[in-house]
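Visitor: Please find input-v1.tsv (TSV, C-alpha atoms) on the next line:
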```tsv
chain	number	residue	atom	x	y	z
A	228	MET	CA	-33.73	-7.58	70.78
A	229	GLY	CA	-33.84	-10.13	68.00
A	230	LYS	CA	-34.50	-13.75	68.75
A	231	LEU	CA	-33.01	-17.05	67.69
A	232	ALA	CA	-35.13	-18.90	65.14
A	233	TYR	CA	-34.48	-22.24	66.85
A	234	GLU	CA	-34.90	-23.86	70.25
A	235	VAL	CA	-32.67	-26.17	72.26
A	236	PRO	CA	-34.27	-29.44	73.44
A	237	GLU	CA	-34.92	-29.29	77.17
A	238	GLY	CA	-32.97	-32.49	77.73
A	239	LYS	CA	-29.83	-30.88	76.31
A	240	LYS	CA	-29.89	-27.77	78.50
A	241	VAL	CA	-27.60	-27.52	81.51
A	242	ARG	CA	-27.60	-25.32	84.60
A	243	TYR	CA	-24.74	-22.86	84.50
A	244	ILE	CA	-23.02	-20.36	86.79
A	245	ILE	CA	-20.94	-17.58	85.23
A	246	HIS	CA	-17.85	-16.74	87.27
A	247	THR	CA	-15.92	-13.77	85.92
A	248	ASP	CA	-13.23	-11.22	86.78
A	249	CYS	CA	-15.15	-8.97	84.44
A	250	LYS	CA	-13.16	-5.74	84.87
A	251	ASN	CA	-9.71	-7.30	84.73
A	252	GLU	CA	-9.40	-6.60	81.02
A	253	ALA	CA	-11.87	-6.83	78.14
A	254	ASP	CA	-12.42	-10.43	77.05
A	255	ASP	CA	-14.62	-11.48	79.99
A	256	GLN	CA	-17.41	-9.18	78.85
A	257	TYR	CA	-17.59	-10.93	75.48
A	258	THR	CA	-17.96	-14.33	77.11
A	259	VAL	CA	-20.51	-13.12	79.66
A	260	ALA	CA	-22.62	-11.77	76.77
A	261	HIS	CA	-22.11	-15.00	74.81
A	262	CYS	CA	-23.29	-17.13	77.75
A	263	LEU	CA	-26.38	-14.97	78.20
A	264	MET	CA	-27.27	-15.39	74.49
A	265	THR	CA	-26.80	-19.18	74.52
A	266	PRO	CA	-30.02	-21.13	75.22
A	267	LEU	CA	-28.06	-24.31	75.95
A	268	LEU	CA	-27.18	-22.63	79.25
A	269	ASP	CA	-29.81	-22.05	81.94
A	270	ILE	CA	-28.00	-19.27	83.79
A	271	LYS	CA	-28.47	-19.62	87.54
A	272	GLY	CA	-26.30	-16.72	88.63
A	273	ILE	CA	-23.26	-14.58	87.91
A	274	ILE	CA	-20.38	-14.27	90.37
A	275	ALA	CA	-17.97	-11.33	90.35
A	276	ALA	CA	-14.43	-12.62	90.89
A	277	HIS	CA	-11.45	-10.77	92.30
A	278	PHE	CA	-8.25	-10.14	90.37
A	279	ASP	CA	-6.54	-8.65	93.37
A	280	LYS	CA	-3.04	-9.15	91.99
A	281	SER	CA	-3.69	-6.49	89.36
A	282	TYR	CA	-0.27	-4.82	89.22
A	283	GLY	CA	-1.49	-1.82	91.18
A	284	ARG	CA	-4.33	-0.95	88.81
A	285	TYR	CA	-6.85	-1.15	91.69
A	286	PRO	CA	-6.60	-0.74	95.46
A	287	ALA	CA	-6.23	-3.95	97.43
A	288	GLY	CA	-9.56	-5.69	97.94
A	289	ALA	CA	-11.44	-3.56	95.38
A	290	THR	CA	-11.38	-5.78	92.31
A	291	ALA	CA	-14.35	-8.06	93.01
A	292	LYS	CA	-16.55	-4.97	93.36
A	293	ALA	CA	-15.09	-3.65	90.08
A	294	SER	CA	-16.05	-6.95	88.44
A	295	TYR	CA	-19.53	-6.69	89.94
A	296	ASP	CA	-20.03	-3.18	88.57
A	297	GLU	CA	-18.86	-4.29	85.12
A	298	ILE	CA	-21.26	-7.25	85.11
A	299	MET	CA	-24.08	-4.83	85.85
A	300	THR	CA	-22.95	-2.63	82.94
A	301	VAL	CA	-22.98	-5.60	80.56
A	302	LEU	CA	-26.47	-6.59	81.72
A	303	ASP	CA	-27.67	-3.00	81.27
A	304	ASN	CA	-26.33	-2.89	77.71
A	305	MET	CA	-28.18	-6.14	76.98
A	306	ASP	CA	-31.44	-4.91	78.57
A	307	LEU	CA	-31.15	-7.73	81.10
A	308	THR	CA	-30.86	-5.77	84.35
A	309	GLY	CA	-32.52	-7.67	87.20
A	310	LYS	CA	-32.90	-10.89	85.20
A	311	TYR	CA	-30.18	-12.87	86.98
A	312	PRO	CA	-28.74	-13.04	90.51
A	313	VAL	CA	-25.37	-11.27	90.62
A	314	LYS	CA	-23.15	-11.84	93.65
A	315	CYS	CA	-19.72	-10.70	94.76
A	316	GLY	CA	-17.13	-13.37	95.36
A	317	ALA	CA	-14.12	-13.11	97.66
A	318	ALA	CA	-12.34	-9.77	97.70
A	319	VAL	CA	-8.94	-11.41	98.15
A	320	ALA	CA	-7.21	-14.76	97.76
A	321	MET	CA	-7.25	-17.54	100.35
A	322	SER	CA	-4.58	-17.23	103.04
A	323	ASP	CA	-3.82	-20.96	102.90
A	324	GLU	CA	-5.28	-24.22	101.62
A	325	ASN	CA	-7.41	-24.82	104.70
A	326	THR	CA	-9.15	-21.47	105.19
A	327	PRO	CA	-12.05	-20.57	102.90
A	328	VAL	CA	-13.02	-16.99	102.11
A	329	ASP	CA	-16.75	-16.94	102.73
A	330	SER	CA	-18.71	-14.75	100.33
A	331	ASP	CA	-22.07	-14.38	98.66
A	332	GLY	CA	-20.50	-15.89	95.54
A	333	ALA	CA	-19.31	-19.03	97.32
A	334	ARG	CA	-22.73	-19.37	98.93
A	335	LEU	CA	-24.44	-19.10	95.53
A	336	ILE	CA	-22.32	-22.03	94.29
A	337	ILE	CA	-23.26	-24.14	97.31
A	338	GLU	CA	-26.95	-23.24	97.14
A	339	GLU	CA	-27.27	-24.15	93.46
A	340	ALA	CA	-25.20	-27.33	93.77
A	341	MET	CA	-27.29	-28.63	96.65
A	342	LYS	CA	-30.63	-28.10	94.90
A	343	ASP	CA	-32.75	-31.12	94.01
A	344	ASP	CA	-32.36	-30.77	90.25
A	345	LYS	CA	-31.34	-33.68	88.04
A	346	ARG	CA	-29.96	-31.49	85.28
A	347	PRO	CA	-26.14	-31.19	85.20
A	348	LEU	CA	-24.63	-28.10	86.82
A	349	TYR	CA	-21.50	-26.41	85.46
A	350	ILE	CA	-19.54	-23.40	86.59
A	351	GLY	CA	-17.35	-21.58	84.09
A	352	LEU	CA	-14.43	-19.94	85.88
A	353	GLN	CA	-12.99	-17.14	83.76
A	354	GLY	CA	-10.39	-16.00	86.29
A	355	SER	CA	-9.36	-16.76	89.86
A	356	ILE	CA	-10.62	-19.97	91.41
A	357	THR	CA	-10.96	-18.66	95.00
A	358	ASP	CA	-14.74	-18.91	95.22
A	359	LEU	CA	-14.97	-22.50	94.02
A	360	ALA	CA	-12.22	-23.62	96.41
A	361	SER	CA	-13.92	-21.79	99.28
A	362	ALA	CA	-17.26	-23.38	98.41
A	363	ILE	CA	-15.62	-26.82	98.42
A	364	LEU	CA	-14.12	-26.22	101.87
A	365	LEU	CA	-17.42	-24.87	103.19
A	366	GLU	CA	-19.49	-27.75	101.75
A	367	PRO	CA	-17.47	-30.67	100.32
A	368	LYS	CA	-20.64	-32.41	99.12
A	369	ILE	CA	-20.83	-30.07	96.12
A	370	CYS	CA	-17.99	-32.02	94.49
A	371	ASP	CA	-20.43	-34.81	93.65
A	372	ARG	CA	-23.03	-32.44	92.25
A	373	MET	CA	-21.35	-30.22	89.64
A	374	THR	CA	-18.51	-29.84	87.13
A	375	ALA	CA	-16.04	-26.96	86.95
A	376	ILE	CA	-14.51	-25.52	83.76
A	377	TRP	CA	-11.43	-23.40	84.47
A	378	ILE	CA	-9.62	-21.04	82.14
A	379	GLY	CA	-6.22	-21.14	83.81
A	380	GLY	CA	-2.86	-22.76	84.35
A	381	GLY	CA	0.19	-22.90	82.12
A	382	GLU	CA	1.04	-25.18	79.22
A	383	TYR	CA	1.55	-28.85	80.00
A	384	PRO	CA	3.65	-30.62	81.04
A	385	LYS	CA	5.76	-27.93	82.75
A	386	GLY	CA	3.36	-25.10	83.54
A	387	GLY	CA	4.67	-21.78	84.80
A	388	THR	CA	3.50	-18.21	85.30
A	389	GLU	CA	-0.15	-17.68	84.31
A	390	PHE	CA	-2.40	-14.80	85.34
A	391	ASN	CA	-5.54	-16.59	86.52
A	392	LEU	CA	-3.55	-19.13	88.51
A	393	SER	CA	-1.41	-16.38	90.05
A	394	GLN	CA	-4.51	-14.84	91.65
A	395	ASP	CA	-4.81	-17.73	94.13
A	396	ILE	CA	-2.44	-20.68	93.97
A	397	ALA	CA	-3.73	-22.06	97.27
A	398	ALA	CA	-7.27	-22.17	95.89
A	399	ALA	CA	-6.08	-23.94	92.74
A	400	ASN	CA	-4.41	-26.60	94.88
A	401	VAL	CA	-7.61	-27.04	96.91
A	402	VAL	CA	-9.60	-27.70	93.76
A	403	MET	CA	-6.95	-30.00	92.30
A	404	ASN	CA	-6.79	-32.03	95.53
A	405	SER	CA	-10.59	-32.31	95.75
A	406	SER	CA	-12.91	-34.75	94.00
A	407	MET	CA	-14.57	-32.00	91.92
A	408	PRO	CA	-14.85	-32.97	88.22
A	409	LEU	CA	-12.67	-30.41	86.43
A	410	TRP	CA	-12.14	-29.45	82.79
A	411	GLN	CA	-9.02	-27.29	82.47
A	412	VAL	CA	-8.30	-24.98	79.53
A	413	PRO	CA	-4.59	-24.07	79.91
A	414	SER	CA	-2.96	-20.94	78.52
A	415	ASN	CA	-1.61	-22.42	75.28
A	416	ILE	CA	-5.17	-23.42	74.35
A	417	TYR	CA	-7.14	-20.36	75.46
A	418	LYS	CA	-4.69	-18.05	73.67
A	419	ASN	CA	-5.89	-19.46	70.36
A	420	PHE	CA	-9.18	-17.54	70.66
A	421	ALA	CA	-7.46	-14.60	68.97
A	422	VAL	CA	-9.23	-11.85	67.04
A	423	SER	CA	-8.12	-8.71	65.25
A	424	LEU	CA	-9.52	-5.31	66.14
A	425	ALA	CA	-10.59	-4.88	62.52
A	426	GLU	CA	-12.58	-8.12	62.77
A	427	LEU	CA	-14.29	-6.81	65.90
A	428	GLN	CA	-15.08	-3.53	64.15
A	429	VAL	CA	-16.88	-5.44	61.39
A	430	LYS	CA	-18.50	-8.22	63.44
A	431	VAL	CA	-19.13	-6.74	66.89
A	432	LYS	CA	-19.30	-2.94	66.82
A	433	PRO	CA	-22.48	-2.73	64.65
A	434	CYS	CA	-24.41	-5.11	66.94
A	435	GLY	CA	-26.54	-2.77	69.01
A	436	LYS	CA	-25.73	-1.30	72.42
A	437	ILE	CA	-23.83	-4.34	73.64
A	438	GLY	CA	-21.76	-4.66	70.47
A	439	GLU	CA	-20.80	-1.00	70.55
A	440	TYR	CA	-19.94	-1.23	74.25
A	441	LEU	CA	-17.83	-4.39	73.86
A	442	PHE	CA	-15.84	-2.85	71.00
A	443	LYS	CA	-15.38	0.49	72.76
A	444	GLU	CA	-14.30	-1.08	76.05
A	445	LEU	CA	-11.72	-3.31	74.39
A	446	THR	CA	-10.23	-0.74	72.03
A	447	GLU	CA	-9.99	1.90	74.75
A	448	LEU	CA	-8.25	-0.55	77.10
A	449	ASN	CA	-5.92	-1.53	74.27
A	450	MET	CA	-4.82	2.11	73.98
A	451	GLN	CA	-4.68	2.73	77.72
A	452	LEU	CA	-2.54	-0.28	78.58
A	453	GLY	CA	-0.50	-0.13	75.39
A	454	ASN	CA	0.57	3.43	76.14
A	455	ALA	CA	1.10	2.75	79.85
A	456	MET	CA	3.20	-0.39	79.34
A	457	PRO	CA	4.97	-0.04	75.95
A	458	GLU	CA	7.84	-2.28	77.09
A	459	PHE	CA	5.55	-5.32	77.61
A	460	ASP	CA	4.48	-7.83	74.95
A	461	TRP	CA	0.82	-7.35	75.94
A	462	PRO	CA	-1.37	-5.83	74.65
A	463	HIS	CA	-0.23	-6.55	71.11
A	464	GLY	CA	-1.53	-3.53	69.21
A	465	GLU	CA	-4.05	-4.84	66.70
A	466	LEU	CA	-4.88	-8.22	68.20
A	467	TRP	CA	-6.71	-9.38	71.32
A	468	GLY	CA	-7.36	-12.75	72.92
A	469	LEU	CA	-10.90	-13.77	73.81
A	470	GLY	CA	-9.53	-16.63	75.87
A	471	ASP	CA	-12.52	-16.94	78.17
A	472	GLU	CA	-14.48	-18.27	75.21
A	473	GLY	CA	-13.02	-21.61	76.25
A	474	VAL	CA	-15.89	-22.13	78.69
A	475	ILE	CA	-18.39	-21.92	75.81
A	476	ALA	CA	-16.23	-24.11	73.58
A	477	ALA	CA	-16.05	-26.82	76.24
A	478	LEU	CA	-19.83	-26.98	76.58
A	479	MET	CA	-20.70	-26.65	72.89
A	480	HIS	CA	-18.16	-29.07	71.42
A	481	GLU	CA	-19.31	-32.39	70.09
A	482	GLY	CA	-19.35	-34.96	72.86
A	483	GLN	CA	-17.75	-37.54	70.60
A	484	ARG	CA	-14.69	-35.33	69.97
A	485	ARG	CA	-12.51	-37.01	72.54
A	486	ASP	CA	-9.47	-36.14	70.47
A	487	MET	CA	-9.72	-32.60	71.89
A	488	TYR	CA	-8.56	-33.51	75.40
A	489	HIS	CA	-6.78	-36.03	77.53
A	490	GLU	CA	-7.15	-36.99	81.17
A	491	ILE	CA	-4.48	-37.17	83.86
A	492	PRO	CA	-4.38	-37.30	87.67
A	493	ALA	CA	-4.95	-33.72	88.81
A	494	PRO	CA	-1.60	-32.00	89.39
A	495	THR	CA	-0.78	-29.46	92.06
A	496	PHE	CA	1.08	-26.17	91.68
A	497	ASP	CA	4.38	-24.91	93.01
A	498	TYR	CA	3.85	-21.66	94.91
A	499	GLU	CA	7.01	-20.02	93.58
A	500	THR	CA	7.14	-21.10	89.94
A	501	MET	CA	3.49	-22.09	89.29
A	502	GLU	CA	4.88	-25.23	87.62
A	503	TYR	CA	2.92	-28.48	87.74
A	504	ASN	CA	3.61	-31.32	90.13
A	505	LEU	CA	2.35	-34.23	88.05
A	506	ASP	CA	3.29	-36.92	90.55
A	507	THR	CA	-0.04	-37.21	92.38
A	508	SER	CA	-2.65	-39.87	93.05
A	509	ASN	CA	-5.53	-37.41	92.66
A	510	ARG	CA	-8.65	-38.16	90.64
A	511	LYS	CA	-8.33	-37.58	86.90
A	512	ILE	CA	-9.23	-34.26	85.31
A	513	ARG	CA	-9.80	-33.27	81.70
A	514	ILE	CA	-7.10	-31.16	80.02
A	515	TYR	CA	-7.91	-29.59	76.66
A	516	ASP	CA	-5.31	-30.00	73.90
A	517	MET	CA	-7.38	-28.15	71.28
A	518	MET	CA	-10.79	-26.54	70.84
A	519	ASP	CA	-13.00	-25.55	67.95
A	520	TYR	CA	-11.96	-21.90	67.88
A	521	ARG	CA	-13.73	-21.04	64.61
A	522	LEU	CA	-17.07	-22.55	65.63
A	523	THR	CA	-17.01	-20.79	69.01
A	524	LEU	CA	-16.09	-17.31	67.76
A	525	GLU	CA	-18.47	-17.47	64.80
A	526	ASP	CA	-21.27	-18.50	67.18
A	527	LEU	CA	-20.50	-15.40	69.27
A	528	PHE	CA	-20.54	-13.10	66.24
A	529	ALA	CA	-23.74	-14.66	64.86
A	530	LYS	CA	-25.60	-14.32	68.15
A	531	LEU	CA	-24.53	-10.70	68.59
A	532	LYS	CA	-25.90	-9.93	65.13
A	533	ILE	CA	-29.15	-11.83	65.68
A	534	PHE	CA	-29.85	-10.25	69.06
A	535	SER	CA	-29.17	-6.76	67.72
A	536	GLU	CA	-31.80	-7.03	64.98
```
For the file at hand, write its structure as structure tokens.

Guide:
Amino acid sequence: MGKLAYEVPEGKKVRYIIHTDCKNEADDQYTVAHCLMTPLLDIKGIIAAHFDKSYGRYPAGATAKASYDEIMTVLDNMDLTGKYPVKCGAAVAMSDENTPVDSDGARLIIEEAMKDDKRPLYIGLQGSITDLASAILLEPKICDRMTAIWIGGGEYPKGGTEFNLSQDIAAANVVMNSSMPLWQVPSNIYKNFAVSLAELQVKVKPCGKIGEYLFKELTELNMQLGNAMPEFDWPHGELWGLGDEGVIAALMHEGQRRDMYHEIPAPTFDYETMEYNLDTSNRKIRIYDMMDYRLTLEDLFAKLKIFSE
């Protein structure tokens, strides 16, 4: 694989845990690859998340294992097999807000958070938030030792139905009611990481094994789901959203760009409507109002090209 012709100062690097429902659709794989090509991030592990409410596409309790297998496929196509710890998270959602689902994934979060390492620790949650909530319930001290970035939740101020949130509303409420520093990328923001299939054919497909795999996986899923669900608005036909790129955008954006987000007391979620309850006295969380979509996607395309040379 090609190599970057620059280095990142050690003092700027952060510890990072990838948390991904990698087989849910086809954008997670792009962001997993992007994280692994980004030297700013010292990857400490990859956790396979469930997407158990998958509209019958998988048997109950089988989705975390499907995510695990897909992570291994991505690593294989990047010649990175065995380079990082990969753990399965919870197979299903929490039953209530008081009962964690113990898993190897939740234990990885706790283990890394409790290490004696002065460098900041982040976890990028690209799907359900079950494993972070479970880790918090199992070891509340982690809240003082890491920051979570979550791709999930509806548009503010109302909220509403959103896929990642729907996977485990109880877990989302646990995290919101905790003291965990949280950066939230809601649906109206992450949907702006849109690409055309023609753009991916030009900028991704030629980029070695991983580029060819990413393009093939996405375009095949586009056909499969488009033919199976023609009455739905998604997928769109010639467009796709790489919404999970929000975790990279949050960590790569200029620290002085405080115009990109605002802070409010962490809301909670209604179990029926998934709407926000904004009337809380919780600690403040960061909510993104915009991101640098161009910078983030062009960084992905550039790194794919460089690493394929």

Visitor: Using all atoms listed in the file, list the residues that have an atom at most 10 Å from (-16.7, -25.0, 102.3), coordinates as in the file, as a PyMOL selection string.

Guide: chain A and resi 325-329+333-334+337+358-369

Visitor: Hey, which of A:Ile298, A:Asp254, A:Ile475, A:Val241 ends up closest to Thr446 (chain A)? Count all atoms listed in the file.

Guide: A:Asp254

Visitor: Compile the contact shell of region 518-533 of chain A as a ChimeraX atom specification: residues with an atom at most 9 Å away, counting all atoms listed in the file, same-chain residues fewer than 4 positions apart removed.

Guide: /A:228-231,257-258,260-261,264-265,416-417,419-422,427,430-431,433-435,437-438,469,472-473,475-477,479-480,487-488

Visitor: Those residues you just picked out, can you put them in a file as a PDB file, in the coordinates of the input with C-alpha atoms?

Guide:
```
ATOM      1  CA  MET A 228     -33.730  -7.580  70.780  1.00  0.00           C
ATOM      2  CA  GLY A 229     -33.840 -10.130  68.000  1.00  0.00           C
ATOM      3  CA  LYS A 230     -34.500 -13.750  68.750  1.00  0.00           C
ATOM      4  CA  LEU A 231     -33.010 -17.050  67.690  1.00  0.00           C
ATOM      5  CA  TYR A 257     -17.590 -10.930  75.480  1.00  0.00           C
ATOM      6  CA  THR A 258     -17.960 -14.330  77.110  1.00  0.00           C
ATOM      7  CA  ALA A 260     -22.620 -11.770  76.770  1.00  0.00           C
ATOM      8  CA  HIS A 261     -22.110 -15.000  74.810  1.00  0.00           C
ATOM      9  CA  MET A 264     -27.270 -15.390  74.490  1.00  0.00           C
ATOM     10  CA  THR A 265     -26.800 -19.180  74.520  1.00  0.00           C
ATOM     11  CA  ILE A 416      -5.170 -23.420  74.350  1.00  0.00           C
ATOM     12  CA  TYR A 417      -7.140 -20.360  75.460  1.00  0.00           C
ATOM     13  CA  ASN A 419      -5.890 -19.460  70.360  1.00  0.00           C
ATOM     14  CA  PHE A 420      -9.180 -17.540  70.660  1.00  0.00           C
ATOM     15  CA  ALA A 421      -7.460 -14.600  68.970  1.00  0.00           C
ATOM     16  CA  VAL A 422      -9.230 -11.850  67.040  1.00  0.00           C
ATOM     17  CA  LEU A 427     -14.290  -6.810  65.900  1.00  0.00           C
ATOM     18  CA  LYS A 430     -18.500  -8.220  63.440  1.00  0.00           C
ATOM     19  CA  VAL A 431     -19.130  -6.740  66.890  1.00  0.00           C
ATOM     20  CA  PRO A 433     -22.480  -2.730  64.650  1.00  0.00           C
ATOM     21  CA  CYS A 434     -24.410  -5.110  66.940  1.00  0.00           C
ATOM     22  CA  GLY A 435     -26.540  -2.770  69.010  1.00  0.00           C
ATOM     23  CA  ILE A 437     -23.830  -4.340  73.640  1.00  0.00           C
ATOM     24  CA  GLY A 438     -21.760  -4.660  70.470  1.00  0.00           C
ATOM     25  CA  LEU A 469     -10.900 -13.770  73.810  1.00  0.00           C
ATOM     26  CA  GLU A 472     -14.480 -18.270  75.210  1.00  0.00           C
ATOM     27  CA  GLY A 473     -13.020 -21.610  76.250  1.00  0.00           C
ATOM     28  CA  ILE A 475     -18.390 -21.920  75.810  1.00  0.00           C
ATOM     29  CA  ALA A 476     -16.230 -24.110  73.580  1.00  0.00           C
ATOM     30  CA  ALA A 477     -16.050 -26.820  76.240  1.00  0.00           C
ATOM     31  CA  MET A 479     -20.700 -26.650  72.890  1.00  0.00           C
ATOM     32  CA  HIS A 480     -18.160 -29.070  71.420  1.00  0.00           C
ATOM     33  CA  MET A 487      -9.720 -32.600  71.890  1.00  0.00           C
ATOM     34  CA  TYR A 488      -8.560 -33.510  75.400  1.00  0.00           C
TER      35      TYR A 488
END
```

Visitor: Could you check how far CA of Phe534 (chain A) sits from CA of Leu307 (chain A), in Å to one decimal?

Guide: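 Result for CA of Phe534 (chain A) versus CA of Leu307 (chain A): 12.4 Å, one decimal.
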
Visitor: Choose the residue, out of A:Ser322, A:Arg346, A:Gly354, A:Ala253, that has the smallest atom-to-atom separation from Ile274 (chain A); count only C-alpha atoms.

Guide: A:Gly354
